[in-house]
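Inspection log for the structure reproduced underneath, given as structure tokens.
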Amino acid sequence: MAAPTLEARAHSGRRTPLCWTPLIHGLVRHLAGVERWWFQQNFERRDVPFLFISAEEPDLDFNPPEDADFAADLERWRAECAVSREIVAAHDLDDTARPLDWHEDVDLRWLVLRIITEYAQHCGHLDLVREGLDGQTGA
């Protein structure tokens, strides 16, 4: 992830707003939760707790507390992705499940495409951050 580069730039006096590091950390936490929510909690209906959010503090994914550990959260994201890959490998793309807050079944193919769009959206956010750091636009 981009955080080490951001930290290095922040300490070098170059053009790096310090607010970007929490944004990137929040996206890592959010995407770890997205992986768990869709693949484990919805598709396989596993009884696993939410990551980084609670009823009392629903924004702890995007707004990490001061003591949140980026390296640990990055490892959590990697672990959640590994579990998601195992779930996908164990099923056919035509297998279906009913998400917890929906009224119709979805197949695994739909779910994989849903996750791709979620990542694409957030990669766009990160591209805006990168553009703000280096001023480069386009490909």
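Lettering and numbering for the structure tokens are positional, with chains as A, B, ... in the shown order, residues counted from 1 in each chain, and ligands counted from 1 in the shown order.
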_So that I can see what lies close to A:Phe43, please list as a VMD selection string the residues with an atom at most 12 Å from it, counting only C-alpha atoms and leaving out residues fewer than 2 positions away in the same chain._
chain A and resid 35 to 41 45 to 47 84 87 to 88 90 to 91 93 95 to 102 105 to 112
Exercise. Could you find all residues in chain A that DSSP calls alpha helix (DSSP H) from the backbone, and write them as a PyMOL selection string?
Key: chain A and resi 3-12+20-35+70-89+108-134
### Message
From a backbone DSSP assignment, name each residue in stretch 2-130 of chain A labelled strand (DSSP E), as an MDAnalysis selection string.
### Response
chainID A and resid 96:97 106:107
In terms of only C-alpha atoms, the residue from A:Leu133, A:Leu31, A:Leu23, A:Leu126 at minimal distance from A:Arg78 is A:Leu31
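Shortest separation to A:Asp73 among A:Asp59, A:Leu113, A:Leu27, A:Asp94 occurs at residue A:Leu27, atoms counted being only C-alpha atoms.
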I want to know what sits within 8 Å of stretch 60-62 of chain A, based on only C-alpha atoms, with residues of the same chain fewer than 3 positions away left out; could you give that as a PDB file with C-alpha atoms, in the first residue's frame?
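Contents of the output file part-v7.pdb:
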```pdb
ATOM      1  CA  LEU A  23      -7.831   8.071   4.547  1.00  0.00           C
ATOM      2  CA  HIS A  25      -5.782   3.436   6.507  1.00  0.00           C
ATOM      3  CA  GLY A  26      -9.561   3.827   6.617  1.00  0.00           C
ATOM      4  CA  LEU A  27      -9.935   2.354   3.126  1.00  0.00           C
ATOM      5  CA  ARG A  29     -10.065  -1.208   7.161  1.00  0.00           C
ATOM      6  CA  HIS A  30     -13.238  -0.660   5.129  1.00  0.00           C
ATOM      7  CA  GLY A  33     -14.868  -5.360   6.371  1.00  0.00           C
ATOM      8  CA  LEU A  51     -14.684  -5.762  11.680  1.00  0.00           C
ATOM      9  CA  PHE A  52     -13.933  -2.234  12.837  1.00  0.00           C
ATOM     10  CA  ILE A  53     -17.561  -1.182  13.334  1.00  0.00           C
ATOM     11  CA  SER A  54     -20.215  -1.496  15.985  1.00  0.00           C
ATOM     12  CA  GLU A  57     -19.291   3.375  16.510  1.00  0.00           C
ATOM     13  CA  PRO A  65      -8.896   5.589  16.156  1.00  0.00           C
TER      14      PRO A  65
END
```
Using only C-alpha atoms, the residue out of A:Pro64, A:Glu56, A:Phe50, A:Glu104 with shortest distance to A:Pro22 is A:Pro64
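The spacing separating atom CA of A:Tyr119 from atom CA of A:Gly135 amounts to 22.7 Å.
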Skipping near chain neighbours, those fewer than 2 positions away, what residues fall within 10 Å of stretch 120-124 of chain A using only C-alpha atoms, listed as a PDB file with N, CA and C atoms, in the first residue's frame?
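This is the output file out-v2.pdb:
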```
ATOM      1  N   ILE A  24      -6.198   6.506   3.695  1.00  0.00           N
ATOM      2  CA  ILE A  24      -5.753   5.217   3.154  1.00  0.00           C
ATOM      3  C   ILE A  24      -5.933   4.122   4.193  1.00  0.00           C
ATOM      4  N   LEU A  27      -9.528   3.184   4.267  1.00  0.00           N
ATOM      5  CA  LEU A  27      -9.935   2.354   3.126  1.00  0.00           C
ATOM      6  C   LEU A  27      -9.511   0.901   3.312  1.00  0.00           C
ATOM      7  N   VAL A  28      -8.327   0.684   3.845  1.00  0.00           N
ATOM      8  CA  VAL A  28      -7.867  -0.688   4.110  1.00  0.00           C
ATOM      9  C   VAL A  28      -8.812  -1.361   5.105  1.00  0.00           C
ATOM     10  N   HIS A  30     -11.931  -0.508   5.764  1.00  0.00           N
ATOM     11  CA  HIS A  30     -13.238  -0.660   5.129  1.00  0.00           C
ATOM     12  C   HIS A  30     -13.266  -1.872   4.200  1.00  0.00           C
ATOM     13  N   LEU A  31     -12.240  -2.026   3.374  1.00  0.00           N
ATOM     14  CA  LEU A  31     -12.227  -3.138   2.421  1.00  0.00           C
ATOM     15  C   LEU A  31     -12.076  -4.484   3.117  1.00  0.00           C
ATOM     16  N   ARG A 114     -19.667  -7.496  -7.858  1.00  0.00           N
ATOM     17  CA  ARG A 114     -19.967  -6.456  -6.865  1.00  0.00           C
ATOM     18  C   ARG A 114     -18.692  -6.030  -6.140  1.00  0.00           C
ATOM     19  N   ILE A 115     -17.871  -6.994  -5.791  1.00  0.00           N
ATOM     20  CA  ILE A 115     -16.615  -6.696  -5.095  1.00  0.00           C
ATOM     21  C   ILE A 115     -15.657  -5.959  -6.029  1.00  0.00           C
ATOM     22  N   ILE A 116     -15.617  -6.362  -7.288  1.00  0.00           N
ATOM     23  CA  ILE A 116     -14.763  -5.655  -8.258  1.00  0.00           C
ATOM     24  C   ILE A 116     -15.177  -4.191  -8.352  1.00  0.00           C
ATOM     25  N   THR A 117     -16.482  -3.923  -8.393  1.00  0.00           N
ATOM     26  CA  THR A 117     -16.922  -2.522  -8.482  1.00  0.00           C
ATOM     27  C   THR A 117     -16.608  -1.755  -7.199  1.00  0.00           C
ATOM     28  N   GLU A 118     -16.701  -2.420  -6.052  1.00  0.00           N
ATOM     29  CA  GLU A 118     -16.351  -1.766  -4.785  1.00  0.00           C
ATOM     30  C   GLU A 118     -14.878  -1.345  -4.794  1.00  0.00           C
ATOM     31  N   LEU A 126      -8.307   6.515  -4.292  1.00  0.00           N
ATOM     32  CA  LEU A 126      -6.858   6.523  -4.066  1.00  0.00           C
ATOM     33  C   LEU A 126      -6.111   7.203  -5.204  1.00  0.00           C
ATOM     34  N   ASP A 127      -6.628   7.094  -6.420  1.00  0.00           N
ATOM     35  CA  ASP A 127      -5.986   7.771  -7.538  1.00  0.00           C
ATOM     36  C   ASP A 127      -6.065   9.292  -7.364  1.00  0.00           C
ATOM     37  N   LEU A 128      -7.176   9.773  -6.822  1.00  0.00           N
ATOM     38  CA  LEU A 128      -7.285  11.206  -6.530  1.00  0.00           C
ATOM     39  C   LEU A 128      -6.263  11.630  -5.471  1.00  0.00           C
ATOM     40  N   VAL A 129      -6.055  10.774  -4.474  1.00  0.00           N
ATOM     41  CA  VAL A 129      -5.038  11.054  -3.461  1.00  0.00           C
ATOM     42  C   VAL A 129      -3.667  11.115  -4.120  1.00  0.00           C
ATOM     43  N   ARG A 130      -3.353  10.121  -4.947  1.00  0.00           N
ATOM     44  CA  ARG A 130      -2.061  10.092  -5.616  1.00  0.00           C
ATOM     45  C   ARG A 130      -1.870  11.324  -6.488  1.00  0.00           C
TER      46      ARG A 130
END
```
